[in-house]
>>> print(open('my_file-v1.cif').read())   # mmCIF, C-alpha atoms
data_query
loop_
_atom_site.label_atom_id
_atom_site.label_comp_id
_atom_site.auth_asym_id
_atom_site.auth_seq_id
_atom_site.Cartn_x
_atom_site.Cartn_y
_atom_site.Cartn_z
CA MET A 1 32.95 16.36 17.38
CA SER A 2 30.98 13.95 19.55
CA CYS A 3 27.21 13.96 19.95
CA GLY A 4 26.65 10.67 21.77
CA ALA A 5 23.38 8.97 20.93
CA ASP A 6 21.01 11.80 21.76
CA PRO A 7 19.01 13.45 18.96
CA GLY A 8 18.81 16.53 21.18
CA ALA A 9 22.59 16.79 20.92
CA VAL A 10 22.28 16.78 17.13
CA HIS A 11 19.84 19.66 17.36
CA SER A 12 22.22 21.57 19.65
CA ILE A 13 25.15 21.05 17.24
CA LEU A 14 23.06 22.28 14.32
CA VAL A 15 21.95 25.35 16.27
CA ARG A 16 25.58 26.19 17.07
CA ALA A 17 26.65 25.56 13.47
CA MET A 18 24.02 27.95 12.08
CA GLY A 19 25.10 30.77 14.40
CA GLY A 20 26.99 32.62 11.68
CA LEU A 21 23.88 32.68 9.51
CA GLN A 22 21.87 34.75 11.98
CA ALA A 23 19.27 32.03 11.55
CA ASN A 24 16.57 30.82 13.90
CA ASP A 25 13.58 28.50 14.24
CA LEU A 26 15.49 25.37 13.17
CA VAL A 27 13.44 22.19 12.75
CA LEU A 28 14.75 18.79 11.67
CA TYR A 29 12.10 16.70 9.87
CA LEU A 30 12.50 12.95 9.33
CA ILE A 31 10.57 11.06 6.66
CA ASP A 32 8.25 8.34 7.93
CA PHE A 33 8.61 4.74 6.75
CA GLY A 34 5.70 5.17 4.38
CA GLN A 35 7.52 8.06 2.67
CA THR A 36 4.40 10.23 2.92
CA VAL A 37 4.93 12.55 5.92
CA LEU A 38 7.87 14.56 7.24
CA GLN A 39 7.80 14.45 11.03
CA PRO A 40 9.53 17.12 13.16
CA MET A 41 12.22 16.01 15.56
CA THR A 42 12.64 19.07 17.77
CA ALA A 43 15.06 18.97 20.69
CA GLY A 44 13.42 17.95 23.93
CA LEU A 45 10.07 17.09 22.34
CA ASP A 46 8.58 13.67 21.83
CA ARG A 47 6.16 12.90 19.01
CA ALA A 48 3.09 13.03 21.23
CA ASN A 49 3.92 16.50 22.54
CA ALA A 50 5.56 18.06 19.49
CA LEU A 51 4.82 21.76 19.01
CA VAL A 52 5.57 21.66 15.28
CA ASP A 53 3.15 20.14 12.79
CA ASP A 54 3.89 17.25 10.46
CA GLU A 55 4.52 18.20 6.82
CA PRO A 56 2.77 15.99 4.22
CA VAL A 57 5.12 15.21 1.33
CA ALA A 58 2.47 15.65 -1.35
CA THR A 59 1.22 19.14 -0.47
CA THR A 60 3.88 21.21 1.29
CA LEU A 61 7.06 23.13 0.49
CA ALA A 62 8.96 20.81 2.82
CA GLY A 63 7.58 17.91 0.81
CA ARG A 64 8.65 19.54 -2.45
CA CYS A 65 12.17 19.89 -1.06
CA PHE A 66 12.16 16.21 -0.06
CA GLN A 67 10.79 14.93 -3.37
CA ASN A 68 13.00 17.02 -5.66
CA GLN A 69 16.04 17.09 -3.38
CA LEU A 70 16.40 20.82 -3.98
CA THR A 71 16.44 23.72 -1.53
CA VAL A 72 13.09 25.56 -1.38
CA THR A 73 12.45 29.06 0.02
CA ALA A 74 9.47 31.20 1.01
CA HIS A 75 9.57 34.89 1.99
CA ARG A 76 7.83 35.68 5.27
CA ASN A 77 7.53 38.71 7.54
CA GLU A 78 10.22 37.37 9.87
CA GLY A 79 12.65 36.54 7.03
CA VAL A 80 13.15 33.78 4.48
CA ARG A 81 12.07 30.26 5.44
CA VAL A 82 14.45 27.71 3.92
CA TRP A 83 13.94 23.96 3.53
CA THR A 84 17.01 21.99 2.50
CA PRO A 85 17.48 18.21 2.01
CA VAL A 86 18.97 15.99 4.70
CA MET A 87 20.83 13.01 3.25
CA GLU A 88 22.69 9.95 4.50
CA GLY A 89 24.97 9.44 1.51
CA SER A 90 22.47 9.46 -1.36
CA ASP A 91 19.56 8.19 0.75
CA ARG A 92 16.89 10.73 1.62
CA VAL A 93 16.42 11.07 5.38
CA GLY A 94 14.37 14.22 5.68
CA VAL A 95 14.45 17.99 5.51
CA LEU A 96 16.05 20.74 7.60
CA ALA A 97 14.06 23.96 7.96
CA LEU A 98 15.35 27.30 9.26
CA THR A 99 14.64 31.01 8.88
CA VAL A 100 17.38 33.37 7.62
CA PRO A 101 17.42 37.14 7.01
CA ASP A 102 18.16 36.85 3.29
CA SER A 103 18.33 34.20 0.55
CA ASP A 104 21.54 35.18 -1.23
CA VAL A 105 23.68 32.45 -2.80
CA GLY A 106 26.14 32.31 0.10
CA THR A 107 23.40 31.92 2.67
CA LEU A 108 21.60 29.16 0.74
CA THR A 109 24.89 27.32 0.22
CA ALA A 110 25.50 27.47 3.98
CA CYS A 111 21.98 26.13 4.60
CA GLU A 112 22.62 23.22 2.24
CA GLU A 113 25.88 22.44 4.03
CA LEU A 114 23.96 22.46 7.31
CA GLY A 115 21.60 19.86 5.82
CA LEU A 116 24.58 17.71 4.87
CA LEU A 117 25.93 18.02 8.42
CA ALA A 118 22.57 16.89 9.80
CA GLY A 119 22.72 13.79 7.59
CA TYR A 120 26.24 12.93 8.75
CA LEU A 121 25.28 13.37 12.41
CA ILE A 122 22.21 11.13 12.05
CA ALA A 123 24.24 8.48 10.21
CA ALA A 124 26.83 8.50 13.00
CA GLN A 125 24.14 7.90 15.64
CA ASP A 126 21.72 5.66 13.81
CA ARG A 127 23.63 2.42 14.42
CA VAL A 128 23.76 2.93 18.18
CA THR A 129 20.26 4.19 18.97
CA ASP A 130 16.68 3.24 18.12
CA LEU A 131 15.39 6.79 18.57
CA TYR A 132 15.48 7.79 14.90
CA ASN A 133 13.88 4.52 13.81
CA VAL A 134 11.11 4.86 16.39
CA HIS A 135 10.53 8.51 15.53
CA ARG A 136 9.94 7.62 11.85
CA ARG A 137 7.08 5.27 12.76
CA ARG A 138 3.72 6.97 12.41
CA ARG A 139 2.11 3.94 14.02
CA SER A 140 3.00 0.56 15.44
CA MET A 141 4.96 -1.70 13.09
CA SER A 142 4.44 -5.46 12.89
CA LEU A 143 7.27 -7.79 13.89
CA ALA A 144 7.51 -9.08 10.31
CA SER A 145 7.74 -5.57 8.93
CA SER A 146 10.40 -4.60 11.45
CA MET A 147 12.43 -7.65 10.40
CA GLN A 148 12.09 -6.74 6.73
CA TRP A 149 13.11 -3.11 7.16
CA ASP A 150 16.25 -4.27 8.97
CA LEU A 151 17.12 -6.34 5.89
CA LEU A 152 16.88 -3.46 3.44
CA PRO A 153 19.63 -1.28 2.03
CA PRO A 154 19.02 2.49 1.73
CA LEU A 155 15.89 3.14 -0.34
CA VAL A 156 17.82 5.47 -2.66
CA MET A 157 21.35 5.23 -4.01
CA THR A 158 23.07 7.30 -6.71
CA SER A 159 26.64 6.73 -7.79
CA GLY A 160 28.01 7.95 -11.10
CA ALA A 161 26.02 6.43 -13.95
CA VAL A 162 23.76 4.28 -11.75
CA SER A 163 20.77 5.23 -9.64
CA ILE A 164 18.32 2.97 -7.85
CA ALA A 165 15.26 3.52 -5.67
CA GLY A 166 12.93 1.16 -3.85
CA LEU A 167 9.51 1.44 -2.25
CA LEU A 168 7.66 -1.05 -0.03
CA GLU A 169 3.99 -1.19 0.91
CA PRO A 170 2.32 -1.55 3.30
CA ALA A 171 5.23 0.09 5.05
CA TYR A 172 4.15 -0.90 8.56
CA ASP A 173 3.01 -4.45 7.81
CA VAL A 174 5.17 -5.72 4.93
CA GLY A 175 6.09 -9.39 5.32
CA GLY A 176 7.80 -11.24 2.51
CA ASP A 177 9.01 -8.60 0.05
CA CYS A 178 12.58 -7.35 0.04
CA PHE A 179 15.29 -6.10 -2.29
CA ASP A 180 19.01 -5.49 -2.20
CA TYR A 181 21.84 -4.02 -4.27
CA ALA A 182 25.59 -3.47 -4.17
CA LEU A 183 27.97 -1.50 -6.37
CA ASN A 184 31.18 -3.53 -6.55
CA GLY A 185 33.65 -1.82 -8.85
CA ASP A 186 32.21 -1.85 -12.37
CA SER A 187 29.44 -4.31 -11.46
CA PHE A 188 26.13 -3.25 -9.99
CA HIS A 189 24.30 -6.22 -8.44
CA PHE A 190 20.63 -6.14 -7.52
CA ALA A 191 17.84 -8.48 -6.44
CA ILE A 192 14.15 -8.44 -5.64
CA MET A 193 12.43 -11.23 -3.71
CA ASP A 194 8.87 -12.14 -2.74
CA ALA A 195 8.58 -14.87 -0.10
CA MET A 196 5.33 -16.82 0.10
CA GLY A 197 2.79 -16.15 2.77
CA ASN A 198 2.45 -13.31 5.25
CA GLY A 199 3.77 -12.24 8.60
CA VAL A 200 6.77 -13.65 10.42
CA GLY A 201 6.83 -16.86 8.36
CA ALA A 202 7.33 -14.90 5.15
CA ALA A 203 9.88 -12.64 6.81
CA LEU A 204 11.92 -15.66 7.91
CA ILE A 205 11.97 -17.08 4.37
CA ALA A 206 12.97 -13.66 3.03
CA SER A 207 15.73 -13.35 5.64
CA LEU A 208 17.17 -16.74 4.68
CA ALA A 209 16.97 -15.92 0.97
CA MET A 210 18.61 -12.53 1.44
CA GLY A 211 21.34 -14.02 3.60
CA SER A 212 22.13 -16.60 0.94
CA TYR A 213 22.17 -13.97 -1.81
CA ARG A 214 24.47 -11.59 0.07
CA HIS A 215 26.83 -14.39 1.09
CA ASP A 216 27.21 -15.66 -2.48
CA ARG A 217 27.52 -12.16 -3.92
CA ARG A 218 30.32 -11.34 -1.49
CA GLU A 219 32.01 -14.64 -2.30
CA GLY A 220 32.08 -13.53 -5.95
CA HIS A 221 29.77 -16.23 -7.27
CA PRO A 222 28.11 -15.71 -10.68
CA LEU A 223 24.36 -15.27 -11.07
CA GLN A 224 23.72 -18.92 -11.92
CA VAL A 225 25.39 -20.12 -8.73
CA MET A 226 23.60 -17.55 -6.57
CA HIS A 227 20.28 -18.55 -8.15
CA ARG A 228 20.88 -22.30 -7.67
CA ASN A 229 22.05 -21.89 -4.07
CA LEU A 230 18.95 -19.85 -3.23
CA ALA A 231 16.74 -22.68 -4.45
CA ASN A 232 18.70 -25.27 -2.50
CA ILE A 233 18.97 -23.35 0.78
CA ILE A 234 15.21 -22.72 1.02
CA ALA A 235 14.39 -26.31 0.03
CA SER A 236 16.84 -27.72 2.60
CA HIS A 237 15.47 -25.63 5.48
CA TYR A 238 11.76 -25.95 4.66
CA ARG A 239 10.34 -29.40 4.09
CA ASP A 240 6.92 -28.03 3.23
CA SER A 241 5.96 -26.00 0.15
CA SER A 242 7.66 -22.77 1.29
CA PHE A 243 9.23 -20.78 -1.51
CA SER A 244 10.24 -17.36 -2.77
CA THR A 245 10.07 -15.86 -6.22
CA GLY A 246 12.60 -13.31 -7.37
CA VAL A 247 14.95 -11.78 -9.90
CA LEU A 248 18.73 -11.59 -9.59
CA GLY A 249 20.58 -9.15 -11.85
CA CYS A 250 23.90 -7.56 -12.61
CA LEU A 251 24.58 -4.40 -14.62
CA GLU A 252 28.05 -3.85 -16.06
CA VAL A 253 28.28 -0.12 -15.49
CA PRO A 254 30.84 0.82 -18.20
CA THR A 255 28.92 -0.94 -21.00
CA GLY A 256 25.28 -1.01 -19.89
CA ILE A 257 25.05 -4.80 -20.37
CA LEU A 258 22.31 -6.09 -18.08
CA SER A 259 22.14 -9.79 -17.12
CA TRP A 260 19.49 -11.46 -14.96
CA THR A 261 17.78 -14.66 -13.88
CA ASN A 262 14.13 -15.20 -12.97
CA ALA A 263 12.62 -17.55 -10.37
CA GLY A 264 8.90 -17.47 -11.16
CA HIS A 265 8.72 -13.69 -10.71
CA PRO A 266 6.83 -10.97 -12.64
CA LEU A 267 8.85 -9.79 -15.64
CA PRO A 268 10.81 -6.53 -15.26
CA LEU A 269 9.86 -3.64 -17.55
CA LEU A 270 12.33 -1.73 -19.70
CA ILE A 271 11.61 2.02 -19.81
CA ARG A 272 13.15 4.14 -22.57
CA ASN A 273 12.45 7.81 -23.27
CA GLY A 274 9.71 7.80 -20.66
CA ARG A 275 7.80 4.82 -22.06
CA VAL A 276 7.72 1.08 -21.46
CA VAL A 277 9.26 -0.48 -24.56
CA LYS A 278 9.07 -4.14 -23.52
CA GLU A 279 9.09 -6.76 -20.81
CA LEU A 280 12.50 -8.23 -20.09
CA LEU A 281 12.02 -11.89 -20.88
CA CYS A 282 13.97 -14.69 -19.26
CA PRO A 283 13.00 -18.40 -19.20
CA PRO A 284 12.08 -18.76 -15.53
CA THR A 285 12.92 -21.52 -13.14
CA PRO A 286 10.31 -22.55 -10.58
CA PRO A 287 10.38 -20.40 -7.43
CA TRP A 288 13.32 -20.90 -5.08
CA GLY A 289 12.60 -23.74 -2.68
CA THR A 290 10.59 -25.88 -5.08
CA ILE A 291 12.09 -27.78 -8.04
CA ALA A 292 15.75 -26.83 -8.49
CA ARG A 293 16.69 -26.27 -12.14
CA LYS A 294 19.66 -24.68 -13.85
CA PRO A 295 18.67 -21.08 -14.48
CA ALA A 296 18.85 -19.32 -17.81
CA ILE A 297 20.78 -16.06 -18.01
CA ALA A 298 19.12 -13.34 -20.09
CA SER A 299 20.86 -10.17 -21.22
CA GLU A 300 19.98 -6.76 -22.63
CA SER A 301 22.09 -3.83 -23.83
CA LEU A 302 20.78 -0.70 -22.13
CA GLU A 303 20.90 2.71 -23.77
CA PRO A 304 21.89 5.82 -21.80
CA GLY A 305 18.89 7.01 -19.80
CA ASP A 306 17.19 3.60 -19.73
CA SER A 307 15.41 2.43 -16.60
CA VAL A 308 14.37 -1.03 -15.46
CA LEU A 309 11.35 -1.43 -13.18
CA LEU A 310 11.12 -4.52 -11.00
CA PHE A 311 8.05 -5.20 -8.89
CA THR A 312 6.30 -7.92 -6.91
CA ASP A 313 2.91 -9.41 -7.70
CA GLY A 314 1.36 -7.32 -4.95
CA VAL A 315 1.59 -4.42 -7.41
CA SER A 316 -0.01 -6.01 -10.47
CA GLU A 317 -2.53 -8.05 -8.45
CA ALA A 318 -3.65 -5.21 -6.18
CA ARG A 319 -7.44 -4.87 -6.22
CA SER A 320 -9.74 -1.90 -5.81
CA PRO A 321 -12.65 -2.09 -3.32
CA ASP A 322 -14.92 -3.36 -6.13
CA GLY A 323 -12.48 -6.16 -7.01
CA VAL A 324 -10.82 -4.67 -10.11
CA GLN A 325 -7.23 -5.84 -10.43
CA PHE A 326 -4.62 -3.18 -11.10
CA GLY A 327 -2.97 -5.34 -13.76
CA ILE A 328 0.11 -5.05 -15.96
CA GLU A 329 -1.63 -3.00 -18.67
CA ARG A 330 -2.73 -0.38 -16.15
CA LEU A 331 0.80 -0.33 -14.70
CA VAL A 332 2.35 0.17 -18.14
CA ASP A 333 -0.10 2.96 -18.94
CA LEU A 334 0.64 4.61 -15.62
CA ILE A 335 4.40 4.45 -16.24
CA ASP A 336 3.97 5.97 -19.70
CA ARG A 337 2.03 8.87 -18.16
CA SER A 338 4.20 9.33 -15.06
CA THR A 339 7.77 8.72 -16.21
CA SER A 340 10.15 11.26 -17.64
CA ASP A 341 13.87 11.28 -18.29
CA ALA A 342 13.96 14.42 -16.13
CA LEU A 343 12.63 12.60 -13.06
CA LEU A 344 14.78 10.83 -10.51
CA PRO A 345 13.92 7.15 -9.83
CA GLN A 346 12.50 8.01 -6.41
CA GLN A 347 10.25 10.66 -7.98
CA VAL A 348 8.90 8.13 -10.48
CA LEU A 349 8.17 5.64 -7.71
CA HIS A 350 6.38 8.31 -5.69
CA LYS A 351 4.05 8.97 -8.64
CA LEU A 352 3.40 5.26 -9.14
CA HIS A 353 2.75 4.80 -5.44
CA ARG A 354 0.18 7.58 -5.31
CA ALA A 355 -1.63 6.27 -8.39
CA ILE A 356 -1.91 2.76 -6.98
CA GLN A 357 -3.15 4.14 -3.66
CA ASP A 358 -5.82 6.07 -5.56
CA HIS A 359 -6.84 2.85 -7.32
CA LEU A 360 -7.01 0.82 -4.12
CA GLU A 361 -8.55 3.64 -2.04
CA VAL A 362 -7.09 1.86 1.01
CA GLU A 363 -3.67 0.58 2.08
CA PRO A 364 -2.79 -2.67 0.25
CA THR A 365 -3.31 -5.91 2.13
CA ASP A 366 -0.59 -7.77 0.20
CA ASP A 367 3.06 -6.73 -0.01
CA ALA A 368 3.71 -4.45 -2.97
CA THR A 369 7.28 -3.50 -3.81
CA PHE A 370 8.89 -1.41 -6.56
CA VAL A 371 12.56 -1.18 -7.48
CA LEU A 372 13.63 1.20 -10.26
CA LEU A 373 17.16 1.00 -11.68
CA GLN A 374 18.43 3.75 -13.99
CA TRP A 375 21.60 3.81 -16.12
CA GLN A 376 22.85 7.14 -17.47
CA GLY A 377 25.57 5.76 -19.74
CA SER A 378 29.29 5.27 -19.50
CA THR A 379 31.21 7.80 -17.42
CA ASP A 380 34.46 6.93 -19.23
CA LYS A 381 35.69 10.13 -20.89
CA SER A 382 38.76 8.58 -22.52
#
>>> encode(input="my_file-v1.cif", output="structure tokens")
Amino acid sequence: MSCGADPGAVHSILVRAMGGLQANDLVLYLIDFGQTVLQPMTAGLDRANALVDDEPVATTLAGRCFQNQLTVTAHRNEGVRVWTPVMEGSDRVGVLALTVPDSDVGTLTACEELGLLAGYLIAAQDRVTDLYNVHRRRRSMSLASSMQWDLLPPLVMTSGAVSIAGLLEPAYDVGGDCFDYALNGDSFHFAIMDAMGNGVGAALIASLAMGSYRHDRREGHPLQVMHRNLANIIASHYRDSSFSTGVLGCLEVPTGILSWTNAGHPLPLLIRNGRVVKELLCPPTPPWGTIARKPAIASESLEPGDSVLLFTDGVSEARSPDGVQFGIERLVDLIDRSTSDALLPQQVLHKLHRAIQDHLEVEPTDDATFVLLQWQGSTDKS
């Protein structure tokens, strides 16, 4: 099956595929970069002339489907309206909505399979067209932000015992924050970085740091070598005081042994049974690009269900309009009230994001990034 690089062709394929359902009124919604609004991508319609309204994530049935990644239904005079998740792998792309005559198990299963098909079709096109990327932008994006988004892996990944989710703010003007991860056999590698400054300058530092990290990770280097090379590569390319803070980590999936280094970055938080139990301490080196020192390697044995929250200082140092800093204590209290073992990492981050927005009352002016890693325990049944 070929659909070229035309989103309208995707819509046509989906319409043909749902023919056996006696369904109608199909709408494909894509999530915006801020993860707050589902935007309709109807065949033949551009955003300015769309005949279908946006669906806010926080207050609609489409948003509930997106947040919980579960099919949602509503009975209407014309039939049953169904919203089903659209995924690229385990990354949330949006929601597919359609109206069917009945909501029996077979019909809902077919709707869910249609959502999976939509995700596959989008993934096949996304590398050869800008249309999906442009459609997800609710407003103009800065050059620095565009560079950073191109650096990022999928915001959500779930594989066996490991899940991870990330969230960046301000989505359309982020500069120096980034994160990355890779599941390589039994080892799950991850990193979070915060380059100094704002705008393109910060994005360039972040791009260099991320390139160094990915190169060394793919070469099989241990954490200490990756950490040291990051410090040296930034120092060798920037003769001024440019730097980046960050954390590099590796989780051994079968055992839950977590190892990490710290380059002048805020301490990660260990969450157990829905509460922050401690900060994950590690003697830090100076930020990468300043004084190069041999990094310490810290380790922690995770328990099944444990989560680790990493964040940049734009989270803890965010200020309300009257100058009150959000702070670590407020963040810990918020996690204790918002986190549950029953919630997916992306659901936890959504709650944290909304609470910080309520505190700030406006979009943050500094980069603020969350990464939440969750380990469910060994999958070895032997």
>>> resolve_selection(input="my_file-v1.cif", expression="the PyMOL selection byres ((chain A and resi 328) around 12)", output="short mmCIF file (atom, residue, chain, number, x, y, z; two decimals) with C-alpha atoms, in the frame of the given file")
data_model
loop_
_atom_site.label_atom_id
_atom_site.label_comp_id
_atom_site.auth_asym_id
_atom_site.auth_seq_id
_atom_site.Cartn_x
_atom_site.Cartn_y
_atom_site.Cartn_z
CA PRO A 266 6.83 -10.97 -12.64
CA LEU A 267 8.85 -9.79 -15.64
CA PRO A 268 10.81 -6.53 -15.26
CA LEU A 269 9.86 -3.64 -17.55
CA VAL A 276 7.72 1.08 -21.46
CA LYS A 278 9.07 -4.14 -23.52
CA GLU A 279 9.09 -6.76 -20.81
CA PHE A 311 8.05 -5.20 -8.89
CA THR A 312 6.30 -7.92 -6.91
CA ASP A 313 2.91 -9.41 -7.70
CA GLY A 314 1.36 -7.32 -4.95
CA VAL A 315 1.59 -4.42 -7.41
CA SER A 316 -0.01 -6.01 -10.47
CA GLU A 317 -2.53 -8.05 -8.45
CA ALA A 318 -3.65 -5.21 -6.18
CA GLN A 325 -7.23 -5.84 -10.43
CA PHE A 326 -4.62 -3.18 -11.10
CA GLY A 327 -2.97 -5.34 -13.76
CA GLU A 329 -1.63 -3.00 -18.67
CA ARG A 330 -2.73 -0.38 -16.15
CA LEU A 331 0.80 -0.33 -14.70
CA VAL A 332 2.35 0.17 -18.14
CA ASP A 333 -0.10 2.96 -18.94
CA LEU A 334 0.64 4.61 -15.62
CA ILE A 335 4.40 4.45 -16.24
#
>>> residues_around(input="my_file-v1.cif", residues="Leu21 (chain A)", least_positions_apart="6", cutoff="9 Å", atoms="all atoms listed in the file", output="list of chain:residue names")
A:Val100, A:Pro101, A:Thr107, A:Ala110, A:Cys111
>>> resolve_selection(input="my_file-v1.cif", expression="the PyMOL selection byres ((chain A and resi 203) around 7)", output="PyMOL selection string")
chain A and resi 144+147-148+175-176+199-202+204-207
>>> resolve_selection(input="my_file-v1.cif", expression="the PyMOL selection byres ((chain A and resi 164-171) around 9)", output="ChimeraX atom specification")
/A:33-35,141,145,149,154-158,162-163,172-175,177-179,181,314,344-346,349-350,353,363-375
>>> closest_residue(input="my_file-v1.cif", among="A:Asn133, A:Asn184, A:Gln347, A:Gln357", to="Val57 (chain A)", atoms="only C-alpha atoms")
A:Gln347
>>> atom_distance(input="my_file-v1.cif", atom1="CA of Val82 (chain A)", atom2="CA of Leu108 (chain A)")
8.0 Å
>>> closest_residue(input="my_file-v1.cif", among="A:Ser301, A:Gln39, A:Ser146, A:Ser307", to="Thr339 (chain A)", atoms="all atoms listed in the file")
A:Ser307
>>> atom_distance(input="my_file-v1.cif", atom1="CA of Ile291 (chain A)", atom2="CA of Leu248 (chain A)")
17.6 Å
>>> atom_distance(input="my_file-v1.cif", atom1="CA of Met193 (chain A)", atom2="CA of Leu281 (chain A)")
17.2 Å
>>> closest_residue(input="my_file-v1.cif", among="A:Gln224, A:Thr84, A:Asn198, A:Ser90", to="Thr109 (chain A)", atoms="all atoms listed in the file")
A:Thr84
